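Asker: Okay, so here is entry-v3.cif, and as you'll see once you scroll down, it has mmCIF, C-alpha atoms and all ligand atoms.
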```cif
data_model
loop_
_atom_site.label_atom_id
_atom_site.label_comp_id
_atom_site.auth_asym_id
_atom_site.auth_seq_id
_atom_site.Cartn_x
_atom_site.Cartn_y
_atom_site.Cartn_z
CA MET A 26 23.84 30.11 -9.14
CA ARG A 27 21.44 28.29 -6.87
CA SER A 28 20.82 24.60 -7.29
CA ILE A 29 17.86 22.47 -6.30
CA LEU A 30 18.03 18.69 -6.35
CA ILE A 31 14.74 16.78 -6.47
CA LEU A 32 15.21 13.37 -4.91
CA ASN A 33 13.41 10.28 -3.70
CA SER A 34 14.42 6.70 -4.28
CA LYS A 35 10.78 5.88 -5.14
CA GLY A 36 9.30 6.36 -8.59
CA GLY A 37 6.00 8.10 -9.28
CA CYS A 38 6.03 10.37 -6.23
CA GLY A 39 6.37 13.63 -8.17
CA LYS A 40 10.07 14.33 -8.76
CA THR A 41 9.59 15.35 -12.38
CA THR A 42 6.44 17.30 -11.48
CA LEU A 43 8.34 19.32 -8.86
CA ALA A 44 11.35 19.81 -11.14
CA THR A 45 9.37 20.99 -14.17
CA ASN A 46 7.05 23.26 -12.17
CA LEU A 47 10.02 24.93 -10.50
CA ALA A 48 11.73 25.34 -13.87
CA GLY A 49 8.59 26.93 -15.37
CA TYR A 50 8.13 29.16 -12.34
CA PHE A 51 11.65 30.62 -12.35
CA ALA A 52 11.66 30.96 -16.15
CA SER A 53 8.35 32.85 -16.00
CA LYS A 54 10.04 35.25 -13.56
CA GLY A 55 12.76 35.96 -16.13
CA ARG A 56 15.45 33.85 -14.48
CA ARG A 57 17.99 31.80 -16.46
CA VAL A 58 17.03 28.22 -15.72
CA VAL A 59 18.80 24.96 -16.47
CA LEU A 60 16.73 21.80 -16.09
CA ALA A 61 19.15 18.89 -15.75
CA ASP A 62 17.59 15.48 -16.27
CA CYS A 63 19.59 12.70 -14.60
CA ASP A 64 16.93 10.09 -15.41
CA PRO A 65 17.47 8.15 -18.66
CA GLN A 66 13.65 8.04 -18.95
CA GLN A 67 14.07 11.80 -19.61
CA SER A 68 10.57 12.85 -18.55
CA SER A 69 11.78 16.37 -17.73
CA LEU A 70 13.28 16.74 -21.21
CA ASP A 71 10.07 15.36 -22.76
CA TRP A 72 8.18 18.05 -20.84
CA LEU A 73 10.58 20.66 -22.20
CA ALA A 74 10.18 19.33 -25.75
CA ALA A 75 6.42 19.95 -25.47
CA ARG A 76 7.02 23.60 -24.48
CA SER A 77 6.28 26.10 -27.21
CA GLY A 78 9.09 28.37 -28.41
CA ASP A 79 7.25 31.55 -27.43
CA ARG A 80 7.32 30.62 -23.72
CA PRO A 81 10.09 31.82 -21.39
CA PRO A 82 13.08 29.64 -22.30
CA ILE A 83 14.54 26.86 -20.18
CA THR A 84 17.80 25.11 -21.07
CA GLY A 85 17.52 21.33 -20.91
CA VAL A 86 20.55 19.17 -20.15
CA ALA A 87 20.62 15.39 -20.72
CA ALA A 88 22.72 14.99 -17.58
CA TRP A 89 22.43 11.20 -17.43
CA ARG A 90 24.37 11.10 -20.72
CA ASP A 91 26.33 14.34 -20.96
CA GLY A 92 27.09 15.10 -17.29
CA LEU A 93 26.16 18.21 -15.43
CA LYS A 94 27.89 21.36 -16.65
CA PRO A 95 25.50 24.31 -16.50
CA PRO A 96 26.52 27.58 -18.21
CA ARG A 97 28.14 30.10 -15.85
CA ASP A 98 25.33 32.62 -16.11
CA THR A 99 22.70 30.15 -14.83
CA ASP A 100 20.49 31.55 -12.06
CA TRP A 101 18.74 28.32 -11.09
CA LEU A 102 19.96 24.79 -11.71
CA ILE A 103 17.15 22.28 -11.19
CA ILE A 104 18.18 18.65 -11.09
CA ASP A 105 15.60 15.91 -11.69
CA SER A 106 16.79 12.49 -10.57
CA PRO A 107 15.92 8.87 -11.30
CA ALA A 108 14.28 6.44 -8.86
CA ALA A 109 16.42 3.94 -6.92
CA ILE A 110 19.34 6.32 -6.62
CA ARG A 111 21.83 5.32 -3.94
CA GLY A 112 25.45 5.32 -2.80
CA ALA A 113 28.10 7.10 -4.86
CA GLU A 114 25.59 8.30 -7.45
CA LEU A 115 23.50 9.88 -4.67
CA ALA A 116 26.59 11.51 -3.14
CA ASP A 117 27.63 12.95 -6.53
CA LEU A 118 24.26 14.64 -6.96
CA VAL A 119 24.07 15.93 -3.39
CA LYS A 120 27.48 17.58 -3.92
CA ARG A 121 25.93 19.68 -6.68
CA ALA A 122 22.97 20.95 -4.65
CA ASP A 123 22.34 23.63 -2.10
CA SER A 124 18.72 22.56 -1.51
CA VAL A 125 17.17 19.12 -1.70
CA LEU A 126 13.41 18.68 -2.12
CA ILE A 127 11.89 15.26 -1.54
CA PRO A 128 8.37 14.69 -2.84
CA LEU A 129 6.51 11.85 -1.17
CA LEU A 130 3.09 10.32 -1.35
CA PRO A 131 1.26 10.69 1.97
CA SER A 132 0.71 6.98 2.64
CA PRO A 133 2.15 5.19 5.70
CA ILE A 134 4.31 2.97 3.49
CA ASP A 135 5.73 5.86 1.53
CA VAL A 136 6.32 8.00 4.61
CA ARG A 137 8.22 5.16 6.26
CA ALA A 138 10.28 4.60 3.09
CA ALA A 139 11.02 8.34 3.01
CA THR A 140 12.22 8.17 6.62
CA HIS A 141 14.77 5.51 5.64
CA PHE A 142 15.80 7.52 2.62
CA LEU A 143 16.24 10.68 4.71
CA GLY A 144 18.49 8.68 7.05
CA GLU A 145 20.60 7.56 4.10
CA LEU A 146 20.74 11.12 2.83
CA SER A 147 21.91 12.48 6.14
CA ALA A 148 24.73 9.88 6.18
CA VAL A 149 25.72 11.01 2.67
CA ARG A 150 25.69 14.67 3.71
CA LYS A 151 27.91 13.86 6.68
CA ALA A 152 30.31 11.84 4.51
CA ILE A 153 30.74 14.65 1.99
CA ASP A 154 30.66 17.27 4.75
CA LYS A 155 28.39 19.66 2.94
CA GLY A 156 25.71 21.97 4.25
CA VAL A 157 22.64 21.09 2.20
CA ARG A 158 19.11 21.97 3.22
CA VAL A 159 16.55 19.20 2.95
CA ALA A 160 12.76 19.36 3.00
CA THR A 161 9.92 17.03 2.05
CA VAL A 162 6.78 17.91 0.10
CA ALA A 163 3.71 15.70 0.42
CA ASN A 164 2.32 15.28 -3.08
CA ARG A 165 -0.98 14.12 -4.55
CA MET A 166 -2.95 14.80 -1.41
CA ARG A 167 -6.61 14.02 -1.79
CA GLU A 168 -8.80 16.75 -0.42
CA HIS A 169 -11.29 16.23 2.40
CA THR A 170 -9.56 13.18 3.79
CA VAL A 171 -8.55 12.71 7.42
CA ALA A 172 -5.03 12.03 6.16
CA ALA A 173 -4.90 15.48 4.54
CA ALA A 174 -6.22 17.28 7.60
CA GLY A 175 -3.90 15.48 9.99
CA LEU A 176 -0.80 15.08 7.85
CA GLU A 177 1.41 17.45 9.77
CA ASP A 178 0.44 15.75 13.05
CA TYR A 179 0.98 12.36 11.50
CA LEU A 180 4.45 13.26 10.22
CA SER A 181 5.44 14.74 13.56
CA ARG A 182 5.25 11.21 14.98
CA PHE A 183 8.14 10.16 12.76
CA SER A 184 11.68 11.04 13.61
CA LEU A 185 14.81 10.42 11.59
CA PRO A 186 17.48 7.88 12.56
CA ASN A 187 19.54 10.81 13.94
CA GLY A 188 16.60 11.82 16.18
CA LYS A 189 15.75 14.98 14.20
CA PRO A 190 12.09 15.68 13.33
CA PHE A 191 10.70 14.84 9.91
CA PRO A 192 11.51 17.88 7.69
CA PHE A 193 8.02 18.64 6.34
CA LEU A 194 7.62 21.76 4.18
CA ALA A 195 4.34 21.73 2.22
CA ALA A 196 1.55 19.61 0.76
CA LEU A 197 0.30 19.68 -2.83
CA ARG A 198 -3.14 18.40 -3.73
CA ALA A 199 -3.87 15.79 -6.37
CA THR A 200 -5.22 17.60 -9.41
CA GLN A 201 -5.38 17.20 -13.16
CA ASN A 202 -3.95 20.73 -13.41
CA TYR A 203 -0.44 19.27 -13.19
CA VAL A 204 -1.21 16.73 -15.89
CA LEU A 205 -2.88 19.22 -18.23
CA ALA A 206 -0.12 21.82 -17.82
CA ALA A 207 2.59 19.18 -18.34
CA GLU A 208 1.04 18.05 -21.63
CA ARG A 209 1.83 21.53 -22.96
CA GLY A 210 5.29 21.81 -21.42
CA LEU A 211 3.99 24.32 -18.87
CA SER A 212 4.12 24.75 -15.13
CA ILE A 213 0.94 25.47 -13.16
CA PHE A 214 2.32 29.04 -12.83
CA GLU A 215 1.85 29.49 -16.58
CA PHE A 216 -1.47 27.72 -17.04
CA ALA A 217 -5.19 28.44 -16.44
CA PRO A 218 -4.74 31.12 -13.73
CA ALA A 219 -8.20 30.76 -12.16
CA ARG A 220 -8.05 26.97 -12.07
CA THR A 221 -4.54 26.78 -10.67
CA LEU A 222 -4.93 29.47 -8.00
CA PRO A 223 -5.36 26.96 -5.11
CA ASP A 224 -2.33 25.03 -6.39
CA ARG A 225 -0.13 28.10 -6.69
CA GLU A 226 -1.04 29.00 -3.12
CA GLN A 227 0.25 25.62 -1.98
CA TRP A 228 3.64 26.44 -3.51
CA VAL A 229 4.18 29.66 -1.55
CA ARG A 230 5.99 27.93 1.32
CA ILE A 231 8.21 26.00 -1.10
CA LEU A 232 9.18 29.12 -3.03
CA ARG A 233 9.84 31.06 0.15
CA TRP A 234 12.02 28.24 1.50
CA LEU A 235 13.99 28.13 -1.76
CA SER A 236 14.53 31.87 -1.84
CA ARG A 237 16.03 31.66 1.65
CA SER A 238 18.15 28.65 0.96
CA GLY A 239 21.07 30.29 -0.83
CA ALA A 240 21.74 32.63 2.04
CA PRO A 241 22.12 30.69 5.28
CA GLY A 242 21.72 32.88 8.34
CA LYS A 243 20.23 35.79 6.40
CA ALA A 244 16.75 37.15 7.00
CA PRO A 245 14.01 35.38 5.02
CA GLN A 246 13.39 36.91 1.60
CA ARG A 247 10.11 37.13 -0.23
CA PRO A 248 9.64 34.47 -2.91
CA GLU A 249 11.06 35.65 -6.25
N1 LIG B 1 -0.15 16.64 -7.50
C1 LIG B 1 -0.44 15.83 -8.54
N2 LIG B 1 -1.71 15.68 -8.96
C2 LIG B 1 -2.02 14.86 -9.99
N3 LIG B 1 -1.13 14.13 -10.67
C3 LIG B 1 0.16 14.23 -10.30
C4 LIG B 1 0.58 15.09 -9.23
N4 LIG B 1 1.93 14.97 -9.10
C5 LIG B 1 2.33 14.08 -10.04
N5 LIG B 1 1.28 13.64 -10.76
C6 LIG B 1 1.31 12.66 -11.85
O1 LIG B 1 1.80 11.44 -11.31
C7 LIG B 1 2.67 10.80 -12.23
C8 LIG B 1 4.05 10.58 -11.58
O2 LIG B 1 4.64 11.85 -11.29
P1 LIG B 1 6.15 12.18 -11.68
O3 LIG B 1 6.36 13.62 -11.36
O4 LIG B 1 6.45 11.75 -13.08
O5 LIG B 1 6.92 11.25 -10.64
P2 LIG B 1 8.47 10.78 -10.60
O6 LIG B 1 9.26 11.72 -11.44
O7 LIG B 1 8.84 10.82 -9.15
O8 LIG B 1 8.49 9.37 -11.14
C9 LIG B 1 2.72 11.69 -13.45
O9 LIG B 1 1.80 11.20 -14.39
C10 LIG B 1 2.28 13.04 -12.94
O10 LIG B 1 1.65 13.83 -13.93
MG MG B 2 10.59 11.40 -13.03
#
```
Can you present the structure in this file as structure tokens?

Answerer:
Amino acid sequence: MRSILILNSKGGCGKTTLATNLAGYFASKGRRVVLADCDPQQSSLDWLAARSGDRPPITGVAAWRDGLKPPRDTDWLIIDSPAAIRGAELADLVKRADSVLIPLLPSPIDVRAATHFLGELSAVRKAIDKGVRVATVANRMREHTVAAAGLEDYLSRFSLPNGKPFPFLAALRATQNYVLAAERGLSIFEFAPARTLPDREQWVRILRWLSRSGAPGKAPQRPE
């Protein structure tokens, strides 16, 4: 089983969007997916409730209430987390993950907040002595803005408290496609193929990174 934790102490940056799109993607590829919602607002489970029964199945777990015990035959465990998560609660979730994805909005305030959060996360990883890969995904990028064109440059100016560079993986544009797909309990990989093509292309790096993440030191694999 591979496990992906979606984290950021800020609300509204795209945690549930990343979690549900990954769940839909892996399910559409025939994988056994558990979507564990650690947020009592249960947006991931609401998304799942909107999903029609003839779609590839995803098992939802109300982890904030029932804890996190995925069935043994799970291929991908995807953990959606609440905002303002810190301390012991953060450590408990990081222990369950082999990859951590951090969505962030590409504004100076949010990038700075993410830098602090990444510092906190690296202290947690050290404390629990666990090899966990961490990457950030800029979300809700507006097209044709200077910020979008220069984001990678901009982020390279930030370093983490431990001196390491900002772990930037990919950028996703702002588009109603996410909203429209979510209304139906779908990922963009299962919705309006022509419309979502530019969005699916933006996910290639994320999917490639995830397919590598369970096998440290091994040659990169193609995305599933
Ligand atoms: N790339 C995007 N483009 C357009 N809307 C988005 C995008 N990502 C997220 N949203 C919308 O922004 C809102 C907050 O996203 P959400 O994933 O619920 O954040 P979080 O779980 O971190 O609170 C939701 O209404 C969601 O549909
Ligand atoms: Mg959420």

Asker: Show me a table, sorted first by chain and then by increasing residue number, of the residues of chain A having an atom at most 8 Å from ligand LIG 1 (chain B), each with its shortest atom pair and the distance in Å to one decimal, counting only C-alpha atoms and all ligand atoms and written as JSON lines.

Answerer:
```
{"residue": "A:Asn33", "atom": "CA", "partner": "B:LIG1", "partner_atom": "O7", "distance": 7.1}
{"residue": "A:Lys35", "atom": "CA", "partner": "B:LIG1", "partner_atom": "O7", "distance": 6.7}
{"residue": "A:Gly36", "atom": "CA", "partner": "B:LIG1", "partner_atom": "O8", "distance": 4.0}
{"residue": "A:Gly37", "atom": "CA", "partner": "B:LIG1", "partner_atom": "O8", "distance": 3.4}
{"residue": "A:Cys38", "atom": "CA", "partner": "B:LIG1", "partner_atom": "O7", "distance": 4.1}
{"residue": "A:Gly39", "atom": "CA", "partner": "B:LIG1", "partner_atom": "O3", "distance": 3.2}
{"residue": "A:Lys40", "atom": "CA", "partner": "B:LIG1", "partner_atom": "O7", "distance": 3.7}
{"residue": "A:Thr41", "atom": "CA", "partner": "B:LIG1", "partner_atom": "O6", "distance": 3.8}
{"residue": "A:Thr42", "atom": "CA", "partner": "B:LIG1", "partner_atom": "O3", "distance": 3.7}
{"residue": "A:Leu43", "atom": "CA", "partner": "B:LIG1", "partner_atom": "O3", "distance": 6.5}
{"residue": "A:Ala44", "atom": "CA", "partner": "B:LIG1", "partner_atom": "O3", "distance": 8.0}
{"residue": "A:Ser68", "atom": "CA", "partner": "B:LIG1", "partner_atom": "O4", "distance": 6.9}
{"residue": "A:Asp105", "atom": "CA", "partner": "B:LIG1", "partner_atom": "O6", "distance": 7.6}
{"residue": "A:Ser106", "atom": "CA", "partner": "B:LIG1", "partner_atom": "O6", "distance": 7.6}
{"residue": "A:Pro107", "atom": "CA", "partner": "B:LIG1", "partner_atom": "O6", "distance": 7.2}
{"residue": "A:Ala108", "atom": "CA", "partner": "B:LIG1", "partner_atom": "O8", "distance": 6.9}
{"residue": "A:Pro128", "atom": "CA", "partner": "B:LIG1", "partner_atom": "O7", "distance": 7.4}
{"residue": "A:Asn164", "atom": "CA", "partner": "B:LIG1", "partner_atom": "N1", "distance": 5.2}
{"residue": "A:Arg165", "atom": "CA", "partner": "B:LIG1", "partner_atom": "N1", "distance": 4.0}
{"residue": "A:Met166", "atom": "CA", "partner": "B:LIG1", "partner_atom": "N1", "distance": 7.0}
{"residue": "A:Leu197", "atom": "CA", "partner": "B:LIG1", "partner_atom": "N1", "distance": 5.6}
{"residue": "A:Arg198", "atom": "CA", "partner": "B:LIG1", "partner_atom": "N1", "distance": 5.1}
{"residue": "A:Ala199", "atom": "CA", "partner": "B:LIG1", "partner_atom": "N2", "distance": 3.4}
{"residue": "A:Thr200", "atom": "CA", "partner": "B:LIG1", "partner_atom": "N2", "distance": 4.0}
{"residue": "A:Gln201", "atom": "CA", "partner": "B:LIG1", "partner_atom": "C2", "distance": 5.2}
{"residue": "A:Asn202", "atom": "CA", "partner": "B:LIG1", "partner_atom": "C2", "distance": 7.1}
{"residue": "A:Tyr203", "atom": "CA", "partner": "B:LIG1", "partner_atom": "C2", "distance": 5.7}
{"residue": "A:Val204", "atom": "CA", "partner": "B:LIG1", "partner_atom": "O10", "distance": 4.5}
{"residue": "A:Ala207", "atom": "CA", "partner": "B:LIG1", "partner_atom": "O10", "distance": 7.0}
```

Asker: Show me the residues around (10.4, 12.7, 15.5) - criterion: an atom at most 12 Å away, all atoms listed in the file counted - as a list in words.

Answerer: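 Every residue inside that radius is included here: Thr140, Glu177, Asp178, Tyr179, Leu180, Ser181, Arg182, Phe183, Ser184, Leu185, Pro186, Asn187, Gly188, Lys189, Pro190, Phe191, Pro192 and Phe193 of chain A.
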
Asker: Counting only C-alpha atoms, which residue out of A:Ser147, A:Ser236, A:Thr45, A:Thr84 sits closest to Leu115 of chain A?

Answerer: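 Nearest to Leu115 of chain A: A:Ser147.
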
Asker: Check the smallest atom-to-atom distance from each of A:Asp100, A:Asp135, A:Asp62, A:Glu208 to Ser77 of chain A using only C-alpha atoms, then report the winner.

Answerer: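 Using only C-alpha atoms, Ser77 of chain A sits closest to A:Glu208.
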
Asker: In Å, how far is it from atom CA of Arg27 of chain A to atom CA of Arg121 of chain A?

Answerer: 9.7 Å

Asker: Report the centre and edge lengths, in Å to one decimal, of an axis-aligned box enclosing every atom of segment 188-201 of chain A listed in the file, padded by 3 Å on each side, as lines of an AutoDock Vina configuration file.

Answerer:
```
center_x = 5.6
center_y = 16.8
center_z = 1.5
size_x = 28.0
size_y = 15.9
size_z = 35.3
```

Asker: Identify which of the residues A:Ile153, A:Gln67, A:Gly49, A:Ala116 lies closest to ligand MG 2 (chain B), counting only C-alpha atoms and all ligand atoms when measuring atom-to-atom distances.

Answerer: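 Among A:Ile153, A:Gln67, A:Gly49, A:Ala116, it is A:Gln67 that comes nearest to ligand MG 2 (chain B).
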
Asker: Under the rule that only C-alpha atoms and all ligand atoms are counted, which of A:Ala61, A:Ala152, A:Gly55, A:Ile29 is the nearest residue to ligand MG 2 (chain B)?

Answerer: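 Nearest to ligand MG 2 (chain B): A:Ala61.
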
Asker: Excluding segment 155-160 of chain A and its own-chain neighbours fewer than 6 positions away, which residues fall within 6 Å of it when counting all atoms listed in the file? Please give them as a list in words.

Answerer: Asp123, Ser124, Val125, Leu126, Pro192, Phe193 and Leu194 of chain A

Asker: Please provide the set of residues having any atom within 12 Å of Ala87 of chain A, restricted to all atoms listed in the file, with same-chain residues fewer than 3 positions apart removed, written as a list in words.

Answerer: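 Selected residues are Val59, Leu60, Ala61, Asp62, Cys63, Asp64, Pro65, Gln66, Gln67, Ser68, Ser69, Leu70, Asp71, Leu73, Thr84, Arg90, Asp91, Gly92, Leu93, Lys94, Pro95, Ile104, Asp105 and Ser106 of chain A.
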
Asker: So what do you get for atom CA of Phe214 of chain A versus atom CA of Leu130 of chain A, distance-wise?

Answerer: 22.0 Å

Asker: What separation in Å, quoted to one decimal, exists between atom CA of Ala52 of chain A and atom CA of Ile127 of chain A?

Answerer: 21.4 Å

Asker: Within 12 Å of Asp79 of chain A, counting only C-alpha atoms, which residues qualify if same-chain residues fewer than 4 places away don't, as a list in words?

Answerer: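 Non-adjacent residues within range: Ser53, Ala75, Ile83, Gly210 and Leu211 of chain A.
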
Asker: When distances are computed from all atoms listed in the file, which of A:Leu129, A:Ala88, A:Val136, A:Leu146 shows the smallest separation from Arg111 of chain A?

Answerer: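 Checking each candidate against Arg111 of chain A, we get A:Leu146 as the closest.
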
Asker: So which one's closest to ligand MG 2 (chain B), A:Arg209, A:Ile110, A:Glu215, A:Pro96? Using all atoms listed in the file, please.

Answerer: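 With all atoms listed in the file as the atom set, the closest residue is A:Ile110.
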